[in-house]
>>> print(open('data14.csv').read())   # CSV, C-alpha atoms and all ligand atoms
chain,number,residue,atom,x,y,z
A,1,MET,CA,187.1,85.7,-41.1
A,2,VAL,CA,186.5,82.0,-40.7
A,3,GLY,CA,189.0,79.3,-42.0
A,4,GLU,CA,188.0,76.3,-44.0
A,5,ASN,CA,187.0,73.0,-42.5
A,6,ILE,CA,189.2,70.0,-43.0
A,7,GLU,CA,187.9,66.5,-43.5
A,8,VAL,CA,190.0,63.4,-42.8
A,9,GLN,CA,189.1,59.7,-42.8
A,10,SER,CA,189.9,57.4,-39.8
A,11,ASN,CA,189.7,53.6,-40.0
A,12,ILE,CA,189.0,51.8,-36.8
A,13,SER,CA,188.4,48.2,-35.8
A,14,PHE,CA,185.1,46.8,-34.7
A,15,MET,CA,186.5,46.4,-31.2
A,16,ASP,CA,187.6,50.1,-31.1
A,17,ALA,CA,184.1,51.1,-32.3
A,18,ALA,CA,182.6,49.0,-29.5
A,19,LYS,CA,184.7,50.4,-26.7
A,20,GLY,CA,185.7,53.8,-27.9
A,21,VAL,CA,189.3,54.7,-28.8
A,22,GLN,CA,191.7,57.7,-28.8
A,23,LYS,CA,193.2,58.2,-32.2
A,24,ASP,CA,196.1,60.4,-33.1
A,25,ILE,CA,195.3,62.0,-36.5
A,26,VAL,CA,197.9,63.8,-38.5
A,27,VAL,CA,196.6,66.9,-40.3
A,28,THR,CA,198.3,69.8,-42.1
A,29,PRO,CA,196.0,72.8,-41.5
A,30,LEU,CA,196.7,76.4,-42.3
A,31,VAL,CA,198.1,78.1,-39.2
A,32,GLN,CA,198.9,81.7,-38.6
A,33,CYS,CA,202.2,82.7,-40.1
A,34,LYS,CA,204.6,83.4,-37.3
A,35,THR,CA,206.9,85.6,-39.4
A,36,CYS,CA,204.2,88.3,-40.1
A,37,THR,CA,201.7,87.3,-37.4
A,38,GLY,CA,199.1,86.9,-40.1
A,39,ASN,CA,199.2,90.3,-41.8
A,40,GLY,CA,201.1,89.0,-44.8
A,41,LEU,CA,203.6,91.8,-44.8
A,42,LYS,CA,207.3,92.1,-44.4
A,43,LYS,CA,208.5,93.8,-41.2
A,44,GLY,CA,208.1,97.6,-41.4
A,45,ILE,CA,205.8,97.5,-44.4
A,46,THR,CA,202.3,98.7,-44.2
A,47,ARG,CA,199.3,98.6,-46.5
A,48,SER,CA,198.1,101.7,-48.1
A,49,GLN,CA,194.8,102.5,-49.7
A,50,CYS,CA,194.6,101.4,-53.3
A,51,LYS,CA,195.1,104.4,-55.5
A,52,THR,CA,193.4,102.8,-58.5
A,53,CYS,CA,190.0,102.3,-56.7
A,54,ASP,CA,190.4,104.7,-53.8
A,55,GLY,CA,190.0,101.8,-51.4
A,56,THR,CA,186.6,100.7,-52.7
A,57,GLY,CA,187.8,97.5,-54.3
A,58,THR,CA,185.7,98.1,-57.4
A,59,ARG,CA,186.2,100.2,-60.5
A,60,VAL,CA,183.3,101.9,-62.3
A,61,HIS,CA,183.3,102.2,-66.0
A,62,PHE,CA,181.2,104.6,-67.9
A,63,VAL,CA,179.9,103.1,-71.1
A,64,GLN,CA,177.9,104.6,-73.9
A,65,GLY,CA,174.4,105.8,-73.2
A,66,GLY,CA,175.2,106.8,-69.6
A,67,PHE,CA,175.2,103.3,-68.1
A,68,GLN,CA,177.7,102.4,-65.4
A,69,MET,CA,179.4,99.1,-65.1
A,70,ALA,CA,181.2,98.0,-61.9
A,71,SER,CA,184.0,95.5,-61.9
A,72,THR,CA,186.5,94.3,-59.3
A,73,CYS,CA,189.6,96.4,-59.1
A,74,SER,CA,192.4,94.5,-60.8
A,75,THR,CA,195.1,96.4,-59.0
A,76,CYS,CA,194.2,95.3,-55.5
A,77,GLY,CA,192.0,92.3,-56.4
A,78,GLY,CA,189.0,93.9,-54.6
A,79,THR,CA,190.6,94.3,-51.3
A,80,GLY,CA,190.9,98.1,-51.5
A,81,VAL,CA,194.4,98.1,-50.2
A,82,GLN,CA,197.7,98.0,-51.8
A,83,ILE,CA,200.9,96.3,-50.7
A,84,PRO,CA,204.1,97.9,-51.8
A,85,LYS,CA,206.1,95.9,-54.4
A,86,ASN,CA,208.0,93.0,-52.7
A,87,GLY,CA,206.4,94.0,-49.4
A,88,GLU,CA,204.8,90.6,-49.0
A,89,CYS,CA,205.9,88.3,-46.2
A,90,GLY,CA,208.4,85.8,-47.6
A,91,THR,CA,207.2,83.0,-45.4
A,92,CYS,CA,203.6,82.9,-46.4
A,93,ARG,CA,203.8,84.9,-49.6
A,94,GLY,CA,201.4,87.4,-48.2
A,95,ASN,CA,198.8,84.8,-47.3
A,96,GLY,CA,199.1,85.3,-43.6
A,97,ALA,CA,198.8,81.6,-43.0
A,98,VAL,CA,201.0,78.6,-43.7
A,99,ARG,CA,200.5,74.8,-43.6
A,100,GLU,CA,201.8,73.1,-40.6
A,101,ARG,CA,201.9,69.4,-39.7
A,102,ARG,CA,199.9,68.8,-36.5
A,103,THR,CA,198.8,65.7,-34.6
A,104,VAL,CA,195.3,66.0,-33.2
A,105,THR,CA,194.2,63.5,-30.6
A,106,VAL,CA,190.6,62.6,-31.2
A,107,ASP,CA,188.3,60.8,-28.7
A,108,ILE,CA,186.2,58.4,-30.8
A,109,PRO,CA,183.3,57.4,-28.6
A,110,GLY,CA,182.3,53.8,-28.1
A,111,GLY,CA,179.3,52.8,-30.2
A,112,VAL,CA,180.3,54.9,-33.2
A,113,GLU,CA,179.0,53.6,-36.5
A,114,ASP,CA,180.6,53.3,-39.9
A,115,GLY,CA,180.1,56.4,-41.9
A,116,MET,CA,179.6,58.8,-39.0
A,117,ARG,CA,181.4,62.2,-39.0
A,118,LEU,CA,182.9,63.6,-35.8
A,119,ARG,CA,183.4,67.3,-35.5
A,120,VAL,CA,186.4,68.6,-33.7
A,121,MET,CA,185.9,72.3,-33.1
A,122,GLY,CA,188.6,74.8,-34.1
A,123,GLU,CA,191.1,72.2,-35.6
A,124,GLY,CA,190.5,73.3,-39.2
A,125,ASP,CA,192.3,75.9,-41.2
A,126,TYR,CA,193.3,79.4,-39.9
A,127,PRO,CA,191.9,82.0,-42.3
A,128,PRO,CA,194.3,83.6,-44.8
A,129,THR,CA,194.3,86.9,-43.0
A,130,GLY,CA,197.0,88.4,-45.3
A,131,GLN,CA,194.4,88.5,-48.1
A,132,SER,CA,191.9,90.4,-45.9
A,133,ALA,CA,191.2,94.1,-46.4
A,134,ASN,CA,191.0,94.4,-42.7
A,135,PRO,CA,193.7,92.3,-41.0
A,136,LYS,CA,192.5,93.2,-37.6
A,137,ALA,CA,189.1,91.5,-38.2
A,138,ARG,CA,188.1,88.8,-35.8
A,139,THR,CA,189.5,85.5,-37.0
A,140,GLU,CA,188.1,82.0,-36.4
A,141,LYS,CA,189.6,78.7,-37.3
A,142,GLY,CA,187.6,76.1,-39.3
A,143,ASP,CA,186.7,72.7,-37.8
A,144,LEU,CA,188.1,69.3,-38.3
A,145,TYR,CA,185.7,66.6,-39.5
A,146,VAL,CA,186.7,63.0,-38.9
A,147,PHE,CA,185.0,60.6,-41.2
A,148,ILE,CA,184.8,57.2,-39.4
A,149,ARG,CA,185.2,53.9,-41.2
A,150,VAL,CA,184.6,50.8,-39.0
A,151,SER,CA,186.1,47.6,-40.4
A,152,PRO,CA,183.8,44.6,-40.2
A,153,ASP,CA,184.5,41.8,-37.7
A,154,SER,CA,185.0,38.2,-38.6
A,155,LYS,CA,182.9,37.0,-35.7
A,156,PHE,CA,180.5,39.8,-34.7
A,157,GLN,CA,177.9,41.8,-36.5
A,158,ARG,CA,175.9,44.7,-35.0
A,159,ASN,CA,172.5,46.2,-34.9
A,160,GLY,CA,172.8,49.6,-33.3
A,161,SER,CA,174.5,49.0,-29.9
A,162,ASP,CA,173.5,45.3,-29.9
A,163,VAL,CA,176.1,42.8,-31.0
A,164,LEU,CA,175.1,39.7,-32.9
A,165,TYR,CA,176.9,36.4,-32.8
A,166,THR,CA,176.1,33.0,-34.4
A,167,ALA,CA,177.2,30.1,-32.2
A,168,SER,CA,177.8,26.6,-33.6
A,169,VAL,CA,176.5,23.9,-31.4
A,170,PRO,CA,177.4,20.2,-31.9
A,171,LEU,CA,174.3,18.1,-32.7
A,172,THR,CA,174.6,16.1,-29.6
A,173,THR,CA,174.9,19.1,-27.3
A,174,ALA,CA,171.8,20.6,-29.0
A,175,VAL,CA,169.9,17.4,-28.4
A,176,LEU,CA,171.1,16.6,-24.9
A,177,GLY,CA,171.7,20.2,-23.6
A,178,GLY,CA,175.1,21.4,-22.3
A,179,GLU,CA,177.4,24.3,-22.2
A,180,ILE,CA,179.5,26.0,-24.9
A,181,LYS,CA,182.1,28.7,-24.9
A,182,ILE,CA,181.3,31.8,-27.0
A,183,PRO,CA,183.4,34.9,-27.6
A,184,THR,CA,182.2,38.3,-26.3
A,185,LEU,CA,183.7,41.8,-26.6
A,186,ASP,CA,185.3,41.1,-23.1
A,187,GLY,CA,186.6,37.6,-23.9
A,188,GLU,CA,185.1,34.1,-23.8
A,189,VAL,CA,182.2,33.1,-21.6
A,190,LYS,CA,180.3,29.9,-21.1
A,191,VAL,CA,176.6,29.8,-22.0
A,192,LYS,CA,174.1,27.0,-21.3
A,193,VAL,CA,172.6,25.3,-24.3
A,194,ALA,CA,169.1,24.1,-23.4
A,195,THR,CA,168.1,20.5,-24.1
A,196,GLY,CA,166.5,20.4,-27.5
A,197,THR,CA,168.0,23.6,-28.8
A,198,GLY,CA,167.4,24.2,-32.5
A,199,THR,CA,169.0,26.3,-35.2
A,200,GLY,CA,167.7,29.8,-34.9
A,201,ASP,CA,167.0,29.6,-31.1
A,202,LYS,CA,168.3,32.7,-29.5
A,203,ILE,CA,169.6,33.9,-26.1
A,204,THR,CA,170.5,37.4,-25.0
A,205,LEU,CA,173.4,38.4,-22.7
A,206,PRO,CA,172.3,41.8,-21.4
A,207,GLY,CA,174.9,44.6,-21.3
A,208,LYS,CA,177.4,42.6,-23.3
A,209,GLY,CA,177.0,44.7,-26.5
A,210,MET,CA,178.5,47.9,-27.6
A,211,LYS,CA,178.5,51.2,-25.7
A,212,GLN,CA,175.4,53.1,-26.4
A,213,LEU,CA,176.4,56.3,-28.3
A,214,SER,CA,173.6,58.3,-26.9
A,215,SER,CA,173.9,57.1,-23.3
A,216,ARG,CA,175.8,59.5,-21.0
A,217,ARG,CA,175.9,56.9,-18.2
A,218,GLY,CA,177.9,54.5,-20.4
A,219,ASN,CA,175.1,51.9,-20.8
A,220,ASN,CA,175.8,49.0,-23.1
A,221,GLY,CA,173.7,47.2,-25.7
A,222,ASP,CA,173.2,43.4,-25.5
A,223,LEU,CA,175.0,40.5,-27.0
A,224,ARG,CA,172.4,38.4,-29.0
A,225,VAL,CA,173.5,34.8,-29.6
A,226,GLU,CA,171.8,32.7,-32.3
A,227,PHE,CA,172.5,29.0,-32.2
A,228,LYS,CA,173.2,27.0,-35.3
A,229,VAL,CA,173.2,23.3,-34.8
A,230,GLN,CA,176.0,21.5,-36.7
A,231,MET,CA,174.4,18.8,-38.7
A,232,PRO,CA,176.8,16.1,-39.8
A,233,LYS,CA,176.9,15.5,-43.6
A,234,TYR,CA,178.5,12.1,-43.1
A,235,LEU,CA,177.9,9.5,-40.5
A,236,SER,CA,180.2,6.6,-39.6
A,237,VAL,CA,178.7,3.1,-39.5
A,238,ASN,CA,178.5,3.3,-35.7
A,239,GLN,CA,177.0,6.8,-35.7
A,240,ARG,CA,174.4,5.8,-38.3
A,241,THR,CA,173.5,2.7,-36.4
A,242,ILE,CA,173.0,4.6,-33.2
A,243,VAL,CA,170.9,7.2,-34.9
A,244,GLU,CA,168.8,4.6,-36.5
A,245,MET,CA,168.3,3.0,-33.1
A,246,LEU,CA,167.3,6.4,-31.8
A,247,ALA,CA,164.8,6.7,-34.7
A,248,ASP,CA,163.3,3.3,-33.7
A,249,GLU,CA,163.3,4.3,-30.0
A,250,MET,CA,161.5,7.6,-30.9
A,251,GLY,CA,159.0,5.9,-33.1
A,252,ASP,CA,160.2,7.8,-36.2
A,253,LYS,CA,158.5,6.0,-39.2
A,254,SER,CA,159.8,8.4,-41.8
A,255,ALA,CA,163.6,8.1,-41.3
A,256,LYS,CA,165.6,6.2,-43.9
A,257,ARG,CA,167.0,2.9,-42.6
A,258,ILE,CA,170.0,1.2,-44.2
A,259,MET,CA,171.7,-0.5,-41.3
A,260,ASN,CA,169.4,-3.6,-41.0
A,261,LEU,CA,169.1,-3.4,-37.3
A,262,ASN,CA,166.8,-6.4,-37.4
A,263,GLN,CA,169.9,-8.7,-37.5
A,264,PHE,CA,170.5,-7.7,-33.9
A,265,ARG,CA,166.9,-7.6,-32.9
A,266,ASN,CA,165.9,-11.0,-34.3
A,267,GLN,CA,169.0,-12.7,-32.9
A,268,ASP,CA,168.2,-11.2,-29.5
A,269,THR,CA,164.5,-11.9,-29.3
A,270,SER,CA,165.0,-15.5,-30.4
A,271,ALA,CA,168.0,-16.1,-28.2
A,272,GLU,CA,167.7,-18.3,-25.1
A,273,PRO,CA,168.3,-16.7,-21.7
A,274,PRO,CA,172.1,-16.5,-21.2
A,275,LYS,CA,173.5,-19.5,-19.4
A,276,PRO,CA,175.8,-18.9,-16.4
A,277,GLY,CA,179.6,-18.8,-17.2
A,278,GLN,CA,179.5,-19.6,-20.9
A,279,SER,CA,177.2,-16.7,-21.7
A,280,ALA,CA,179.3,-14.0,-20.0
A,281,GLU,CA,182.3,-15.1,-22.0
A,282,ASP,CA,180.3,-14.7,-25.2
A,283,HIS,CA,179.3,-11.2,-24.4
A,284,LYS,CA,182.9,-10.1,-23.7
A,285,ASN,CA,183.9,-10.6,-27.3
A,286,GLU,CA,180.9,-9.0,-28.9
A,287,GLY,CA,181.2,-5.6,-30.8
A,288,PHE,CA,180.4,-2.3,-29.3
A,289,LEU,CA,177.1,-1.9,-31.0
A,290,LYS,CA,175.9,-5.4,-30.2
A,291,ASN,CA,177.1,-4.8,-26.7
A,292,MET,CA,175.1,-1.6,-26.5
A,293,TRP,CA,172.1,-3.2,-28.0
A,294,HIS,CA,172.3,-6.0,-25.5
A,295,SER,CA,172.6,-3.5,-22.7
A,296,MET,CA,169.6,-1.6,-24.0
A,297,THR,CA,167.5,-4.7,-24.3
A,298,GLY,CA,168.4,-6.0,-20.9
A,299,GLN,CA,170.5,-9.0,-21.8
A,300,HIS,CA,173.4,-7.9,-19.7
A,301,ASP,CA,171.4,-7.4,-16.5
A,302,ASN,CA,172.4,-10.7,-14.9
A,303,LEU,CA,176.0,-10.9,-16.2
A,304,GLY,CA,177.3,-8.6,-13.4
A,305,LYS,CA,175.6,-10.7,-10.7
A,306,GLU,CA,177.2,-13.9,-12.0
A,307,GLU,CA,180.6,-12.3,-11.8
A,308,ASP,CA,179.9,-11.0,-8.3
A,309,SER,CA,178.8,-14.4,-7.1
A,310,GLY,CA,181.8,-16.0,-8.8
A,311,LYS,CA,184.2,-13.7,-6.9
A,312,ASN,CA,182.6,-14.5,-3.5
A,313,GLU,CA,182.8,-18.2,-4.0
A,314,GLN,CA,186.3,-18.5,-5.4
A,315,GLY,CA,187.9,-15.4,-3.8
A,316,ARG,CA,189.4,-14.2,-7.1
A,317,GLU,CA,189.3,-10.7,-8.6
A,318,PRO,CA,186.8,-10.7,-11.4
A,319,GLU,CA,188.0,-9.7,-14.8
A,320,GLU,CA,186.9,-6.2,-15.7
A,321,PRO,CA,184.2,-6.3,-18.3
A,322,LYS,CA,186.3,-4.2,-20.7
A,323,LYS,CA,184.0,-4.2,-23.6
A,324,ALA,CA,181.2,-2.8,-21.5
A,325,SER,CA,183.1,0.3,-20.3
A,326,GLY,CA,186.2,0.7,-22.3
A,327,SER,CA,184.8,0.8,-25.8
A,328,GLY,CA,182.1,3.2,-25.0
A,329,SER,CA,184.1,6.0,-26.7
A,330,GLY,CA,184.8,4.1,-29.9
A,401,ZN,ZN,203.8,85.7,-43.2
A,402,ZN,ZN,192.0,98.8,-56.0
>>> encode(input="data14.csv", output="structure tokens", more="lines below")
Ligand SMILES: [Zn+2]
Ligand SMILES: [Zn+2]
Amino acid sequence: MVGENIEVQSNISFMDAAKGVQKDIVVTPLVQCKTCTGNGLKKGITRSQCKTCDGTGTRVHFVQGGFQMASTCSTCGGTGVQIPKNGECGTCRGNGAVRERRTVTVDIPGGVEDGMRLRVMGEGDYPPTGQSANPKARTEKGDLYVFIRVSPDSKFQRNGSDVLYTASVPLTTAVLGGEIKIPTLDGEVKVKVATGTGTGDKITLPGKGMKQLSSRRGNNGDLRVEFKVQMPKYLSVNQRTIVEMLADEMGDKSAKRIMNLNQFRNQDTSAEPPKPGQSAEDHKNEGFLKNMWHSMTGQHDNLGKEEDSGKNEQGREPEEPKKASGSGSG
């Protein structure tokens, strides 16, 4: 006799699915009745052959025309044996098995996928041996099936044992190159962002994925990172001016211009070469963008020298050119 299988559902997190986890699962399987040790009878009571069917379990009816019809014996229910009245075990009502709460520790392997079923041998129901015609028959418990549900993760997706992650990259880091932090299954790591990285560019961190379910050596899949460049939807006046300058510098003819950079340019090209002393003072009070523009177009090249020479002659500390260095962040 073989008992029934039991199926339970177990919900685990993405991380647990990645690494594997031990889960305590509470089940209430049929177990052998301890009172009657499974035979379903009160102490001292024994089964006897069913007198109605002579132990065959079936009754034969003779019907008109000489035909025979067989049906299940209603007295013994087809078992061929009879239990004396009130002779059934009180604990299991003659079933031979009772339900019992049990905790089964299940090893859920790393790499398990949503919807998979794990089979745990012999953790299912004990067969109802009290109902058996032959209580001494070999008995076998059913199995426990654990239906795995893996919750999705807010950061990661997966493709088999590979983990997928989309990393946001600031526009300037994407253009200039740099380094960003990304989460992995084992915590944050720094990855290099190549100069000129575009949305959709990918890098692979080998072995940083999920455990491979089929691998006995505990190999891991990869972490596949896809970059997504954060494009600003709004630009401040300064940002817009700089980007328009960049467009000019890169010879971009198609970009929209609204900042009228020519006001700087015309001023600068028509300007006289700066005069000593007076000119340096003028440049100190200019705005950040104008200052930058002047630096780019070379109009500040000789300001430093003037100050240096002034220090040597008069023995004074020169004033820091605050506009040139301090306002670079604004
Ligand atoms: Zn019993
Ligand atoms: Zn019978």
>>> residues_near_ligand(input="data14.csv", ligand="ligand ZN 401 (chain A)", cutoff="12 Å", atoms="all atoms listed in the file", output="PyMOL selection string")
chain A and resi 30-43+87-99+128-131
>>> atom_distance(input="data14.csv", atom1="atom CA of A:Leu164", atom2="atom CA of A:Arg217")
22.6 Å
>>> closest_residue(input="data14.csv", among="A:Gly177, A:Gly55, A:Gly200, A:Gly115", to="ligand ZN 402 (chain A)", atoms="all atoms listed in the file")
A:Gly55
>>> residues_around(input="data14.csv", residues="A:Arg257", least_positions_apart="5", cutoff="10 Å", atoms="only C-alpha atoms", output="list in words")
Arg240, Thr241, Val243, Glu244, Met245, Ala247 and Asp248 of chain A
>>> closest_residue(input="data14.csv", among="A:Thr46, A:Asn11, A:Thr28, A:Thr56", to="ligand ZN 402 (chain A)", atoms="only C-alpha atoms and all ligand atoms")
A:Thr56
>>> residues_near_ligand(input="data14.csv", ligand="ligand ZN 402 (chain A)", cutoff="8 Å", atoms="all atoms listed in the file", output="PyMOL selection string")
chain A and resi 49-59+72-82
>>> atom_distance(input="data14.csv", atom1="atom CA of A:Met121", atom2="atom CA of A:Ser10")
16.8 Å
>>> residues_around(input="data14.csv", residues="stretch 188-191 of chain A", least_positions_apart="5", cutoff="10 Å", atoms="only C-alpha atoms", output="mmCIF file with C-alpha atoms, keeping the file's coordinate frame")
data_model
loop_
_atom_site.group_PDB
_atom_site.id
_atom_site.type_symbol
_atom_site.label_atom_id
_atom_site.label_comp_id
_atom_site.auth_asym_id
_atom_site.auth_seq_id
_atom_site.Cartn_x
_atom_site.Cartn_y
_atom_site.Cartn_z
ATOM 1 C CA GLY A 178 175.100 21.400 -22.300
ATOM 2 C CA GLU A 179 177.400 24.300 -22.200
ATOM 3 C CA ILE A 180 179.500 26.000 -24.900
ATOM 4 C CA LYS A 181 182.100 28.700 -24.900
ATOM 5 C CA ILE A 182 181.300 31.800 -27.000
ATOM 6 C CA PRO A 183 183.400 34.900 -27.600
ATOM 7 C CA ILE A 203 169.600 33.900 -26.100
ATOM 8 C CA LEU A 205 173.400 38.400 -22.700
ATOM 9 C CA VAL A 225 173.500 34.800 -29.600
#
>>> atom_distance(input="data14.csv", atom1="atom CA of A:Arg216", atom2="atom CA of A:Glu7")
26.5 Å
>>> closest_residue(input="data14.csv", among="A:Val193, A:Leu171, A:Val120, A:Val163", to="A:Gly142", atoms="all atoms listed in the file")
A:Val120
>>> residues_around(input="data14.csv", residues="A:Asp16", least_positions_apart="5", cutoff="12 Å", atoms="only C-alpha atoms", output="PyMOL selection string")
chain A and resi 10-11+21-23+107-114+148-153+185+210-211
>>> residues_around(input="data14.csv", residues="A:Gly124", least_positions_apart="6", cutoff="10 Å", atoms="all atoms listed in the file", output="tab-separated table (two decimals) with C-alpha atoms, keeping the file's coordinate frame")
chain	number	residue	atom	x	y	z
A	2	VAL	CA	186.50	82.00	-40.70
A	3	GLY	CA	189.00	79.30	-42.00
A	4	GLU	CA	188.00	76.30	-44.00
A	5	ASN	CA	187.00	73.00	-42.50
A	6	ILE	CA	189.20	70.00	-43.00
A	7	GLU	CA	187.90	66.50	-43.50
A	27	VAL	CA	196.60	66.90	-40.30
A	28	THR	CA	198.30	69.80	-42.10
A	29	PRO	CA	196.00	72.80	-41.50
A	30	LEU	CA	196.70	76.40	-42.30
A	31	VAL	CA	198.10	78.10	-39.20
A	140	GLU	CA	188.10	82.00	-36.40
A	141	LYS	CA	189.60	78.70	-37.30
A	142	GLY	CA	187.60	76.10	-39.30
A	143	ASP	CA	186.70	72.70	-37.80
A	144	LEU	CA	188.10	69.30	-38.30
A	145	TYR	CA	185.70	66.60	-39.50
>>> residues_near_point(input="data14.csv", point="(166.5, 49.1, -29.5)", cutoff="10 Å", atoms="all atoms listed in the file", output="count of residues only")
6
>>> residues_around(input="data14.csv", residues="A:Asp24", least_positions_apart="6", cutoff="7 Å", atoms="only C-alpha atoms", output="VMD selection string")
chain A and resid 103 to 106
>>> closest_atom_pairs(input="data14.csv", of="stretch 84-176 of chain A", to="stretch 228-236 of chain A", cutoff="12 Å", atoms="only C-alpha atoms", output="CSV")
residue,atom,partner,partner_atom,distance
A:Tyr165,CA,A:Lys228,CA,10.4
A:Thr166,CA,A:Lys228,CA,6.7
A:Ala167,CA,A:Lys228,CA,5.9
A:Ser168,CA,A:Lys228,CA,4.9
A:Val169,CA,A:Val229,CA,4.8
A:Pro170,CA,A:Gln230,CA,5.2
A:Leu171,CA,A:Gln230,CA,5.5
A:Thr172,CA,A:Val229,CA,9.0
A:Thr173,CA,A:Val229,CA,8.8
A:Ala174,CA,A:Val229,CA,6.5
A:Val175,CA,A:Val229,CA,9.3
>>> axis_aligned_box(input="data14.csv", around="stretch 174-182 of chain A", padding_each_side="8 Å", output="JSON")
{"center_x": 176.0, "center_y": 24.2, "center_z": -25.6, "size_x": 28.2, "size_y": 31.2, "size_z": 22.8}
>>> closest_residue(input="data14.csv", among="A:Ser48, A:Thr195, A:Ser13, A:Asn220", to="A:Ser154", atoms="only C-alpha atoms")
A:Ser13
>>> decode(input="data14.csv", residues="stretch 40-60 of chain A", atoms="N, CA and C atoms", output="JSON list (two decimals), in the first residue's frame")
[["chain", "number", "residue", "atom", "x", "y", "z"],
["A", 40, "GLY", "N", -6.06, -0.73, 12.78],
["A", 40, "GLY", "CA", -7.41, -0.17, 12.86],
["A", 40, "GLY", "C", -8.33, -0.85, 13.86],
["A", 41, "LEU", "N", -7.77, -1.71, 14.69],
["A", 41, "LEU", "CA", -8.61, -2.48, 15.62],
["A", 41, "LEU", "C", -8.30, -2.14, 17.07],
["A", 42, "LYS", "N", -9.34, -2.33, 17.90],
["A", 42, "LYS", "CA", -9.11, -2.21, 19.33],
["A", 42, "LYS", "C", -8.21, -3.35, 19.78],
["A", 43, "LYS", "N", -7.57, -3.16, 20.93],
["A", 43, "LYS", "CA", -6.69, -4.19, 21.46],
["A", 43, "LYS", "C", -7.46, -5.49, 21.70],
["A", 44, "GLY", "N", -6.90, -6.62, 21.28],
["A", 44, "GLY", "CA", -7.54, -7.92, 21.50],
["A", 44, "GLY", "C", -8.55, -8.31, 20.46],
["A", 45, "ILE", "N", -8.91, -7.39, 19.59],
["A", 45, "ILE", "CA", -9.90, -7.67, 18.55],
["A", 45, "ILE", "C", -9.16, -8.14, 17.30],
["A", 46, "THR", "N", -9.69, -9.12, 16.61],
["A", 46, "THR", "CA", -9.08, -9.57, 15.35],
["A", 46, "THR", "C", -10.15, -9.58, 14.26],
["A", 47, "ARG", "N", -9.67, -9.53, 13.05],
["A", 47, "ARG", "CA", -10.58, -9.58, 11.91],
["A", 47, "ARG", "C", -10.97, -11.02, 11.64],
["A", 48, "SER", "N", -12.12, -11.15, 11.12],
["A", 48, "SER", "CA", -12.53, -12.49, 10.68],
["A", 48, "SER", "C", -13.00, -12.39, 9.24],
["A", 49, "GLN", "N", -13.03, -13.56, 8.60],
["A", 49, "GLN", "CA", -13.48, -13.57, 7.22],
["A", 49, "GLN", "C", -14.93, -13.15, 7.15],
["A", 50, "CYS", "N", -15.24, -12.33, 6.17],
["A", 50, "CYS", "CA", -16.61, -11.85, 6.01],
["A", 50, "CYS", "C", -17.52, -13.03, 5.68],
["A", 51, "LYS", "N", -18.55, -13.17, 6.46],
["A", 51, "LYS", "CA", -19.44, -14.33, 6.27],
["A", 51, "LYS", "C", -20.36, -14.13, 5.07],
["A", 52, "THR", "N", -20.62, -12.88, 4.75],
["A", 52, "THR", "CA", -21.52, -12.59, 3.65],
["A", 52, "THR", "C", -20.93, -13.02, 2.30],
["A", 53, "CYS", "N", -19.62, -12.72, 2.14],
["A", 53, "CYS", "CA", -19.00, -12.98, 0.83],
["A", 53, "CYS", "C", -17.94, -14.06, 0.90],
["A", 54, "ASP", "N", -17.82, -14.69, 2.06],
["A", 54, "ASP", "CA", -16.79, -15.71, 2.27],
["A", 54, "ASP", "C", -15.39, -15.19, 1.99],
["A", 55, "GLY", "N", -15.20, -13.95, 2.25],
["A", 55, "GLY", "CA", -13.85, -13.37, 2.12],
["A", 55, "GLY", "C", -13.46, -12.96, 0.71],
["A", 56, "THR", "N", -14.40, -13.08, -0.24],
["A", 56, "THR", "CA", -14.04, -12.72, -1.61],
["A", 56, "THR", "C", -14.18, -11.21, -1.85],
["A", 57, "GLY", "N", -15.00, -10.57, -1.04],
["A", 57, "GLY", "CA", -15.21, -9.13, -1.24],
["A", 57, "GLY", "C", -16.28, -8.82, -2.26],
["A", 58, "THR", "N", -16.72, -9.80, -2.99],
["A", 58, "THR", "CA", -17.79, -9.56, -3.99],
["A", 58, "THR", "C", -18.95, -10.51, -3.76],
["A", 59, "ARG", "N", -20.10, -10.08, -4.16],
["A", 59, "ARG", "CA", -21.28, -10.94, -4.09],
["A", 59, "ARG", "C", -21.77, -11.20, -5.49],
["A", 60, "VAL", "N", -22.18, -12.42, -5.71],
["A", 60, "VAL", "CA", -22.64, -12.81, -7.05],
["A", 60, "VAL", "C", -24.15, -13.00, -7.00]]
